[in-house]
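The file structure_20.txt contains compact mmCIF, C-alpha atoms:
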# COMPACT_ATOMS: atom_id res chain seq x y z
CA MET A 1 17.27 3.65 12.85
CA GLU A 2 14.98 6.48 11.76
CA ILE A 3 12.92 5.97 8.63
CA LEU A 4 10.78 9.12 8.91
CA ARG A 5 11.17 12.46 10.68
CA ILE A 6 8.46 15.13 10.57
CA GLN A 7 9.71 18.56 11.59
CA ASN A 8 7.51 21.61 12.25
CA LEU A 9 4.83 20.44 9.80
CA THR A 10 2.07 23.00 9.26
CA LYS A 11 -0.78 22.85 6.76
CA ASN A 12 -3.30 25.64 6.21
CA PHE A 13 -6.29 25.78 3.90
CA TYR A 14 -7.54 29.03 2.41
CA LEU A 15 -11.11 29.95 1.51
CA HIS A 16 -10.46 32.83 -0.84
CA ASN A 17 -14.02 34.07 -1.29
CA PRO A 18 -14.65 34.80 2.41
CA GLY A 19 -10.91 35.33 2.96
CA LEU A 20 -10.55 32.69 5.67
CA LYS A 21 -7.47 30.73 6.70
CA ILE A 22 -8.10 27.34 8.32
CA THR A 23 -5.19 25.70 10.13
CA SER A 24 -5.48 21.92 9.87
CA CYS A 25 -2.23 20.97 11.62
CA ARG A 26 0.59 23.06 13.08
CA ASP A 27 4.13 22.50 14.34
CA ILE A 28 3.89 18.71 14.15
CA ASN A 29 7.07 16.90 15.16
CA LEU A 30 7.23 13.10 15.00
CA THR A 31 9.98 10.53 14.56
CA LEU A 32 9.28 7.02 13.26
CA ASN A 33 11.89 4.27 13.52
CA GLU A 34 12.19 1.22 11.28
CA GLY A 35 9.73 -1.47 12.35
CA GLU A 36 7.86 0.94 14.63
CA PHE A 37 4.11 1.65 14.72
CA ILE A 38 2.89 5.10 15.76
CA GLY A 39 -0.79 5.61 16.54
CA ILE A 40 -2.52 8.99 16.31
CA VAL A 41 -5.79 9.68 18.11
CA GLY A 42 -8.02 12.73 18.43
CA LEU A 43 -11.47 14.06 17.69
CA SER A 44 -12.79 14.33 14.15
CA GLY A 45 -11.40 17.44 12.48
CA ALA A 46 -8.35 17.58 14.76
CA GLY A 47 -5.93 17.33 11.82
CA LYS A 48 -4.97 13.64 11.99
CA SER A 49 -5.67 12.76 8.35
CA THR A 50 -3.89 15.90 7.16
CA ILE A 51 -0.62 14.64 8.63
CA LEU A 52 -0.85 11.36 6.72
CA LYS A 53 -1.86 13.11 3.51
CA CYS A 54 1.14 15.43 3.77
CA VAL A 55 3.46 12.43 4.17
CA ASN A 56 1.79 10.78 1.16
CA ARG A 57 1.94 14.15 -0.63
CA SER A 58 -1.78 14.08 -1.35
CA TYR A 59 -1.49 17.50 0.31
CA LEU A 60 1.49 19.77 -0.26
CA PRO A 61 2.77 20.86 3.18
CA GLY A 62 2.66 24.59 3.86
CA GLN A 63 5.69 24.59 6.15
CA GLY A 64 8.11 22.09 7.62
CA ASP A 65 10.07 19.07 6.47
CA ILE A 66 9.15 15.40 6.05
CA LEU A 67 12.45 13.52 5.88
CA TYR A 68 12.21 9.94 4.62
CA ASP A 69 15.01 7.37 4.36
CA SER A 70 14.26 5.88 0.94
CA GLU A 71 15.79 2.68 -0.42
CA ALA A 72 15.81 4.17 -3.93
CA PHE A 73 16.79 7.80 -3.26
CA GLY A 74 18.43 7.80 0.16
CA ALA A 75 17.48 10.70 2.42
CA ILE A 76 14.70 12.65 0.71
CA ASN A 77 12.43 15.49 1.82
CA LEU A 78 8.89 14.53 0.85
CA SER A 79 7.83 18.16 1.21
CA THR A 80 10.00 19.19 -1.73
CA ALA A 81 10.46 15.94 -3.70
CA THR A 82 9.55 15.97 -7.38
CA GLU A 83 6.29 14.46 -8.61
CA ARG A 84 8.27 11.72 -10.37
CA GLU A 85 10.00 10.79 -7.10
CA ILE A 86 6.70 10.78 -5.20
CA LEU A 87 5.01 8.56 -7.80
CA TYR A 88 7.90 6.09 -7.63
CA LEU A 89 7.76 5.98 -3.83
CA ARG A 90 4.00 5.39 -3.84
CA CYS A 91 4.47 2.47 -6.24
CA HIS A 92 7.42 0.84 -4.50
CA GLU A 93 7.91 2.01 -0.92
CA ILE A 94 5.01 3.95 0.60
CA GLY A 95 1.49 2.59 1.10
CA TYR A 96 -1.62 4.51 2.08
CA VAL A 97 -4.97 3.11 3.24
CA SER A 98 -7.74 5.70 2.98
CA GLN A 99 -11.23 5.61 4.44
CA PHE A 100 -12.48 6.09 0.88
CA LEU A 101 -12.14 3.89 -2.18
CA ASN A 102 -10.64 5.39 -5.33
CA VAL A 103 -10.70 2.97 -8.27
CA MET A 104 -10.19 3.65 -11.96
CA PRO A 105 -13.44 3.35 -13.98
CA ARG A 106 -14.22 -0.08 -15.43
CA THR A 107 -11.72 -1.73 -13.09
CA THR A 108 -12.80 -4.80 -11.14
CA ALA A 109 -11.81 -5.47 -7.54
CA LYS A 110 -9.17 -8.04 -8.52
CA GLU A 111 -7.79 -5.82 -11.28
CA HIS A 112 -7.47 -2.97 -8.77
CA VAL A 113 -5.25 -5.10 -6.53
CA MET A 114 -3.37 -6.59 -9.48
CA ASN A 115 -2.53 -3.10 -10.74
CA ALA A 116 -0.70 -2.34 -7.49
CA VAL A 117 1.57 -5.34 -8.12
CA LEU A 118 1.97 -4.66 -11.84
CA ASP A 119 3.06 -1.09 -11.05
CA MET A 120 6.00 -2.60 -9.16
CA GLY A 121 7.15 -4.43 -12.29
CA ALA A 122 5.70 -7.91 -11.68
CA ASP A 123 4.30 -10.06 -14.48
CA ARG A 124 0.55 -10.69 -14.80
CA ASP A 125 0.66 -14.25 -13.46
CA SER A 126 2.44 -13.14 -10.29
CA ALA A 127 0.10 -10.16 -9.90
CA ASP A 128 -2.94 -12.40 -10.33
CA ALA A 129 -1.68 -14.88 -7.73
CA ASP A 130 -0.82 -12.14 -5.21
CA ALA A 131 -4.22 -10.47 -5.71
CA ARG A 132 -6.10 -13.72 -5.19
CA GLU A 133 -4.13 -14.52 -2.05
CA ILE A 134 -4.70 -11.19 -0.32
CA LEU A 135 -8.35 -10.84 -1.37
CA ALA A 136 -8.97 -14.28 0.10
CA TYR A 137 -7.06 -13.28 3.25
CA PHE A 138 -9.36 -10.32 3.83
CA ARG A 139 -12.36 -12.55 3.12
CA LEU A 140 -13.69 -10.51 0.25
CA PRO A 141 -16.13 -13.01 -1.34
CA GLU A 142 -14.75 -14.49 -4.54
CA ASN A 143 -17.98 -13.70 -6.40
CA LEU A 144 -17.09 -10.00 -5.96
CA TRP A 145 -13.56 -10.17 -7.40
CA ASP A 146 -14.66 -9.59 -10.99
CA ILE A 147 -17.25 -6.91 -10.13
CA TYR A 148 -16.85 -3.14 -10.21
CA PRO A 149 -16.43 -1.95 -6.57
CA ALA A 150 -18.96 0.90 -6.94
CA THR A 151 -21.59 -1.59 -5.76
CA PHE A 152 -19.65 -2.68 -2.65
CA SER A 153 -20.69 -2.01 0.93
CA GLY A 154 -18.54 0.24 3.14
CA GLY A 155 -16.86 -2.73 4.79
CA GLU A 156 -16.16 -4.43 1.45
CA ARG A 157 -14.61 -1.24 0.07
CA LEU A 158 -12.36 -0.88 3.09
CA ARG A 159 -11.19 -4.47 2.79
CA LEU A 160 -10.36 -3.80 -0.87
CA ASN A 161 -8.41 -0.68 0.15
CA LEU A 162 -6.43 -2.73 2.66
CA ALA A 163 -5.70 -5.44 0.09
CA HIS A 164 -4.56 -2.86 -2.49
CA ALA A 165 -2.12 -1.21 -0.06
CA MET A 166 -0.81 -4.28 1.73
CA VAL A 167 -0.26 -6.50 -1.31
CA LYS A 168 2.84 -4.37 -2.03
CA LYS A 169 4.31 -4.97 1.45
CA PRO A 170 5.42 -1.32 1.69
CA ARG A 171 8.33 -0.16 3.86
CA LEU A 172 6.23 2.76 5.13
CA LEU A 173 2.49 2.28 5.56
CA MET A 174 -0.05 4.90 6.57
CA LEU A 175 -3.51 3.89 7.70
CA ASP A 176 -6.42 6.30 7.99
CA GLU A 177 -9.07 4.54 10.10
CA PRO A 178 -8.29 1.06 8.73
CA THR A 179 -10.88 -0.66 10.93
CA ALA A 180 -13.86 1.62 10.26
CA SER A 181 -16.90 -0.29 8.93
CA LEU A 182 -15.30 -3.65 9.70
CA ASP A 183 -16.75 -6.47 11.80
CA ASN A 184 -14.75 -7.84 14.73
CA THR A 185 -13.53 -10.89 12.78
CA THR A 186 -12.10 -8.73 9.99
CA LYS A 187 -10.56 -6.34 12.52
CA ILE A 188 -8.58 -9.27 13.90
CA LEU A 189 -7.36 -10.10 10.38
CA VAL A 190 -6.20 -6.51 9.95
CA ARG A 191 -4.40 -6.57 13.27
CA ASP A 192 -2.70 -9.85 12.43
CA ILE A 193 -1.40 -8.65 9.06
CA LEU A 194 -0.21 -5.38 10.61
CA ARG A 195 1.74 -7.35 13.21
CA SER A 196 3.15 -9.58 10.47
CA LEU A 197 4.27 -6.57 8.41
CA LYS A 198 5.75 -4.98 11.52
CA ASP A 199 7.67 -8.17 12.34
CA LYS A 200 9.12 -8.04 8.82
CA GLY A 201 10.38 -4.49 9.37
CA ALA A 202 7.56 -2.33 7.99
CA SER A 203 7.11 1.06 9.66
CA MET A 204 3.58 2.38 10.15
CA ILE A 205 1.54 5.38 11.21
CA GLY A 206 -2.14 4.75 11.90
CA ILE A 207 -5.18 6.80 12.85
CA PHE A 208 -7.69 4.98 15.03
CA HIS A 209 -10.83 5.70 17.02
CA ASP A 210 -10.82 2.10 18.24
CA ILE A 211 -8.33 2.41 21.10
CA GLU A 212 -8.75 -1.23 22.14
CA PHE A 213 -7.66 -2.35 18.68
CA MET A 214 -4.41 -0.40 19.05
CA GLU A 215 -3.36 -2.17 22.23
CA GLY A 216 -0.46 -4.49 21.52
CA VAL A 217 0.05 -3.03 18.04
CA CYS A 218 1.26 0.54 18.52
CA ASP A 219 4.60 1.40 20.09
CA LYS A 220 3.69 5.06 20.67
CA VAL A 221 0.39 6.96 20.71
CA PHE A 222 0.07 10.69 20.06
CA ASN A 223 -3.03 12.75 20.80
CA ILE A 224 -3.90 15.54 18.35
CA SER A 225 -6.19 18.40 19.34
CA GLU A 226 -6.96 21.43 17.16
CA GLY A 227 -4.07 20.55 14.85
CA ALA A 228 -1.37 20.21 17.50
CA ILE A 229 0.13 17.33 19.48
CA ILE A 230 -0.94 17.52 23.10
CA SER A 231 0.60 14.25 24.33
Using structure tokens, write down the structure that the file contains.
Amino acid sequence: MEILRIQNLTKNFYLHNPGLKITSCRDINLTLNEGEFIGIVGLSGAGKSTILKCVNRSYLPGQGDILYDSEAFGAINLSTATEREILYLRCHEIGYVSQFLNVMPRTTAKEHVMNAVLDMGADRDSADADAREILAYFRLPENLWDIYPATFSGGERLRLNLAHAMVKKPRLLMLDEPTASLDNTTKILVRDILRSLKDKGASMIGIFHDIEFMEGVCDKVFNISEGAIIS
């Protein structure tokens, strides 16, 4: 059963001062089934991250439809959904792992993960327990849990991003280079939890440069070049 269908997605960026139009992705068509993992590969700047950001509505698509089968709303077009609907989906159904860490000021690492659970309506004790469990899973040292993440290394920040997104066990999970800056041991942890989520029915789209990591995880792989799917 389809959970996501992307139809004719195009996203342009405009530099008004020089009057330039930059096409990031064009005429993207993808279908994701429940429990399926799609991998996207391509050179830097090919438009891979733009696709995920349009699904997450970090970017507003220029053209095309992003049709999502939501538990709360039924069939919904993420290209035209209201901000209230998008915020609800991000809290309860859609997860996004970025290459970059975005944490509210004066928020510790554990509080950052707890907030993801609290946003779903859990009580503080449950949120605290879930945060501790997943931070330990990703081997983020316990002496860092009550520290502001601005001081973290690149690998520590990425592990915190993964914990924040995966603690919610989202139905639809998007991963933008989830293994960048990670050592081989942590990469295996990421792969194991992705397989576990997939076995439980989660549907995922991931961007990877590490092709070997994708083997045995992805069901389909699409190659993006200059904003378009070439295979």
Segment 59-121 of chain A residues near segment 159-166 of chain A within 6 Å, closest pair each, using all atoms listed in the file, as JSON lines:
{"residue": "A:Gly95", "atom": "CA", "partner": "A:Ala165", "partner_atom": "CA", "distance": 5.4}
{"residue": "A:Val97", "atom": "CA", "partner": "A:Asn161", "partner_atom": "CA", "distance": 6.0}
{"residue": "A:Val113", "atom": "CA", "partner": "A:His164", "partner_atom": "CA", "distance": 4.7}
Closest atom pairs, residues of segment 47-118 of chain A within 12 Å of segment 16-23 of chain A, only C-alpha atoms, as a Markdown table:
| residue | atom | partner | partner_atom | distance |
| --- | --- | --- | --- | --- |
| A:Gly47 | CA | A:Thr23 | CA | 8.6 |
| A:Thr50 | CA | A:Thr23 | CA | 10.3 |
| A:Pro61 | CA | A:Thr23 | CA | 11.6 |
| A:Gly62 | CA | A:Thr23 | CA | 10.1 |
| A:Gln63 | CA | A:Thr23 | CA | 11.6 |
Would you pick out the contacts of Lys200 of chain A at 12 Å or less, using all atoms listed in the file, so that residues sharing its chain but fewer than 4 positions from it are not included, and give the list as a PyMOL selection string? chain A and resi 34-36+169-172+193-196+204
How would the residues just chosen look if you wrote them out with C-alpha atoms as a compact mmCIF listing (two decimals), keeping the file's coordinate frame?
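File selection16.txt, as written:
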# COMPACT_ATOMS: atom_id res chain seq x y z
CA GLU A 34 12.19 1.22 11.28
CA GLY A 35 9.73 -1.47 12.35
CA GLU A 36 7.86 0.94 14.63
CA LYS A 169 4.31 -4.97 1.45
CA PRO A 170 5.42 -1.32 1.69
CA ARG A 171 8.33 -0.16 3.86
CA LEU A 172 6.23 2.76 5.13
CA ILE A 193 -1.40 -8.65 9.06
CA LEU A 194 -0.21 -5.38 10.61
CA ARG A 195 1.74 -7.35 13.21
CA SER A 196 3.15 -9.58 10.47
CA MET A 204 3.58 2.38 10.15
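Here the question is which of A:Arg124, A:Lys198, A:Arg5, A:Arg90 gets nearest to Asp69 of chain A using only C-alpha atoms, and that residue is A:Arg5.
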Quick one: of A:Leu197, A:Asn115, A:Leu101, A:Arg191, who's nearest to Glu215 of chain A, counting only C-alpha atoms?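 For Glu215 of chain A, the nearest of the candidates is A:Arg191.
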What is the atom CA of Arg57 of chain A to atom CA of Glu85 of chain A distance in Å?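 Atom-to-atom, atom CA of Arg57 of chain A to atom CA of Glu85 of chain A, that is 10.9 Å.
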Which is closer to Asn102 of chain A than all the others in A:Arg84, A:Arg139, A:Lys48, A:Arg157, using all atoms listed in the file?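 Of A:Arg84, A:Arg139, A:Lys48, A:Arg157, the one nearest Asn102 of chain A is A:Arg157, counting all atoms listed in the file.
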Distance atom CA of Glu133 of chain A-atom CA of Gly216 of chain A, one decimal place?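 We find that atom CA of Glu133 of chain A and atom CA of Gly216 of chain A lie 25.9 Å from each other.
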List the spatial neighbours of Tyr96 of chain A as a list in words - criterion: any atom at most 6 Å away, all atoms listed in the file, same-chain residues fewer than 2 positions off excluded. Leu173, Met174 and Leu175 of chain A
Return the single residue from A:Glu142, A:Glu2, A:Asp199, A:Asp119 that is closest to Glu93 of chain A, with distances computed using only C-alpha atoms.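 For Glu93 of chain A, the nearest of the candidates is A:Asp119.
Distance check against Asn29 of chain A using only C-alpha atoms: of A:Val217, A:Leu43, A:Ala81, A:Ile224, the minimum falls on A:Ile224.
Between atom CA of Asn56 of chain A and atom CA of Thr82 of chain A there is a distance of 12.7 Å.
Comparing A:Val103, A:Leu52, A:Ala228, A:Val41 by their smallest distance to Ser24 of chain A, the closest is A:Ala228 (using all atoms listed in the file).
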Which neighbours of Val190 of chain A fall inside 8 Å, counting all atoms listed in the file, when residues of the same chain fewer than 4 positions from it are skipped, and could you give them as a ChimeraX atom specification? /A:138,178-179,186,194
Give me, as a PyMOL selection string, all polymer residues having an atom no more than 7 Å from segment 208-211 of chain A, counting only C-alpha atoms and skipping those fewer than 2 positions away in the same chain. chain A and resi 40-41+177+206+213-215
Go ahead and find all residues with at least one atom no further than 9 Å from (9.7, 25.7, 10.1) in the file's coordinates, using all atoms listed in the file; report them as a ChimeraX atom specification. /A:7-10,27,63-65
Any chance you could work out the axis-aligned box around segment 217-223 of chain A, listed atoms only, 4 Å on each side, giving centre and edge lengths in Å to one decimal, as JSON?
{"center_x": 0.8, "center_y": 4.9, "center_z": 19.4, "size_x": 15.6, "size_y": 23.8, "size_z": 10.8}
Mind rebuilding segment 19-30 of chain A with all heavy atoms and writing that out as an mmCIF file, keeping the file's coordinate frame?
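New file rebuild.cif:
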data_model
loop_
_atom_site.group_PDB
_atom_site.id
_atom_site.type_symbol
_atom_site.label_atom_id
_atom_site.label_comp_id
_atom_site.auth_asym_id
_atom_site.auth_seq_id
_atom_site.Cartn_x
_atom_site.Cartn_y
_atom_site.Cartn_z
ATOM 1 N N GLY A 19 -12.199 34.896 2.434
ATOM 2 C CA GLY A 19 -10.910 35.330 2.960
ATOM 3 C C GLY A 19 -10.541 34.690 4.282
ATOM 4 O O GLY A 19 -9.956 35.340 5.153
ATOM 5 N N LEU A 20 -10.832 33.393 4.421
ATOM 6 C CA LEU A 20 -10.550 32.690 5.670
ATOM 7 C C LEU A 20 -9.332 31.788 5.541
ATOM 8 O O LEU A 20 -9.090 31.201 4.481
ATOM 9 C CB LEU A 20 -11.751 31.835 6.079
ATOM 10 C CG LEU A 20 -13.038 32.562 6.475
ATOM 11 C CD1 LEU A 20 -14.127 31.541 6.794
ATOM 12 C CD2 LEU A 20 -12.798 33.471 7.683
ATOM 13 N N LYS A 21 -8.565 31.687 6.610
ATOM 14 C CA LYS A 21 -7.470 30.730 6.700
ATOM 15 C C LYS A 21 -7.823 29.705 7.762
ATOM 16 O O LYS A 21 -8.144 30.061 8.904
ATOM 17 C CB LYS A 21 -6.152 31.403 7.068
ATOM 18 C CG LYS A 21 -4.987 30.424 7.148
ATOM 19 C CD LYS A 21 -3.677 31.111 7.493
ATOM 20 C CE LYS A 21 -3.566 31.373 8.977
ATOM 21 N NZ LYS A 21 -2.213 31.844 9.377
ATOM 22 N N ILE A 22 -7.801 28.425 7.386
ATOM 23 C CA ILE A 22 -8.100 27.340 8.320
ATOM 24 C C ILE A 22 -6.822 26.540 8.545
ATOM 25 O O ILE A 22 -6.239 26.012 7.600
ATOM 26 C CB ILE A 22 -9.204 26.416 7.770
ATOM 27 C CG1 ILE A 22 -10.492 27.213 7.540
ATOM 28 C CG2 ILE A 22 -9.454 25.255 8.719
ATOM 29 C CD1 ILE A 22 -11.575 26.438 6.833
ATOM 30 N N THR A 23 -6.380 26.461 9.796
ATOM 31 C CA THR A 23 -5.190 25.700 10.130
ATOM 32 C C THR A 23 -5.600 24.271 10.464
ATOM 33 O O THR A 23 -6.339 24.038 11.421
ATOM 34 C CB THR A 23 -4.440 26.326 11.324
ATOM 35 O OG1 THR A 23 -4.012 27.639 10.972
ATOM 36 C CG2 THR A 23 -3.230 25.482 11.700
ATOM 37 N N SER A 24 -5.121 23.318 9.652
ATOM 38 C CA SER A 24 -5.480 21.920 9.870
ATOM 39 C C SER A 24 -4.516 21.240 10.832
ATOM 40 O O SER A 24 -4.937 20.519 11.728
ATOM 41 C CB SER A 24 -5.504 21.170 8.535
ATOM 42 O OG SER A 24 -5.893 19.836 8.727
ATOM 43 N N CYS A 25 -3.210 21.468 10.652
ATOM 44 C CA CYS A 25 -2.230 20.970 11.620
ATOM 45 C C CYS A 25 -1.100 21.987 11.721
ATOM 46 O O CYS A 25 -0.828 22.721 10.769
ATOM 47 C CB CYS A 25 -1.693 19.592 11.238
ATOM 48 S SG CYS A 25 -0.713 19.527 9.723
ATOM 49 N N ARG A 26 -0.435 22.044 12.875
ATOM 50 C CA ARG A 26 0.590 23.060 13.080
ATOM 51 C C ARG A 26 1.706 22.527 13.977
ATOM 52 O O ARG A 26 1.467 21.833 14.965
ATOM 53 C CB ARG A 26 -0.004 24.323 13.708
ATOM 54 C CG ARG A 26 -0.800 24.085 14.978
ATOM 55 C CD ARG A 26 -1.532 25.344 15.448
ATOM 56 N NE ARG A 26 -2.477 25.066 16.513
ATOM 57 C CZ ARG A 26 -2.175 25.028 17.799
ATOM 58 N NH1 ARG A 26 -0.905 25.266 18.172
ATOM 59 N NH2 ARG A 26 -3.077 24.758 18.713
ATOM 60 N N ASP A 27 2.937 22.828 13.553
ATOM 61 C CA ASP A 27 4.130 22.500 14.340
ATOM 62 C C ASP A 27 4.156 21.041 14.781
ATOM 63 O O ASP A 27 4.415 20.728 15.949
ATOM 64 C CB ASP A 27 4.233 23.421 15.557
ATOM 65 C CG ASP A 27 4.374 24.879 15.166
ATOM 66 O OD1 ASP A 27 5.023 25.139 14.138
ATOM 67 O OD2 ASP A 27 3.825 25.743 15.863
ATOM 68 N N ILE A 28 3.877 20.145 13.839
ATOM 69 C CA ILE A 28 3.890 18.710 14.150
ATOM 70 C C ILE A 28 5.318 18.185 14.062
ATOM 71 O O ILE A 28 6.010 18.382 13.058
ATOM 72 C CB ILE A 28 2.986 17.927 13.174
ATOM 73 C CG1 ILE A 28 1.538 18.421 13.260
ATOM 74 C CG2 ILE A 28 3.081 16.433 13.441
ATOM 75 C CD1 ILE A 28 0.883 18.214 14.603
ATOM 76 N N ASN A 29 5.742 17.515 15.118
ATOM 77 C CA ASN A 29 7.070 16.900 15.160
ATOM 78 C C ASN A 29 6.932 15.447 15.604
ATOM 79 O O ASN A 29 6.473 15.167 16.713
ATOM 80 C CB ASN A 29 7.983 17.657 16.136
ATOM 81 C CG ASN A 29 8.331 19.042 15.641
ATOM 82 O OD1 ASN A 29 9.233 19.219 14.839
ATOM 83 N ND2 ASN A 29 7.589 20.048 16.114
ATOM 84 N N LEU A 30 7.306 14.533 14.708
ATOM 85 C CA LEU A 30 7.230 13.100 15.000
ATOM 86 C C LEU A 30 8.456 12.411 14.420
ATOM 87 O O LEU A 30 8.965 12.814 13.381
ATOM 88 C CB LEU A 30 5.991 12.464 14.361
ATOM 89 C CG LEU A 30 4.594 12.857 14.848
ATOM 90 C CD1 LEU A 30 3.545 12.182 13.976
ATOM 91 C CD2 LEU A 30 4.405 12.472 16.306
#
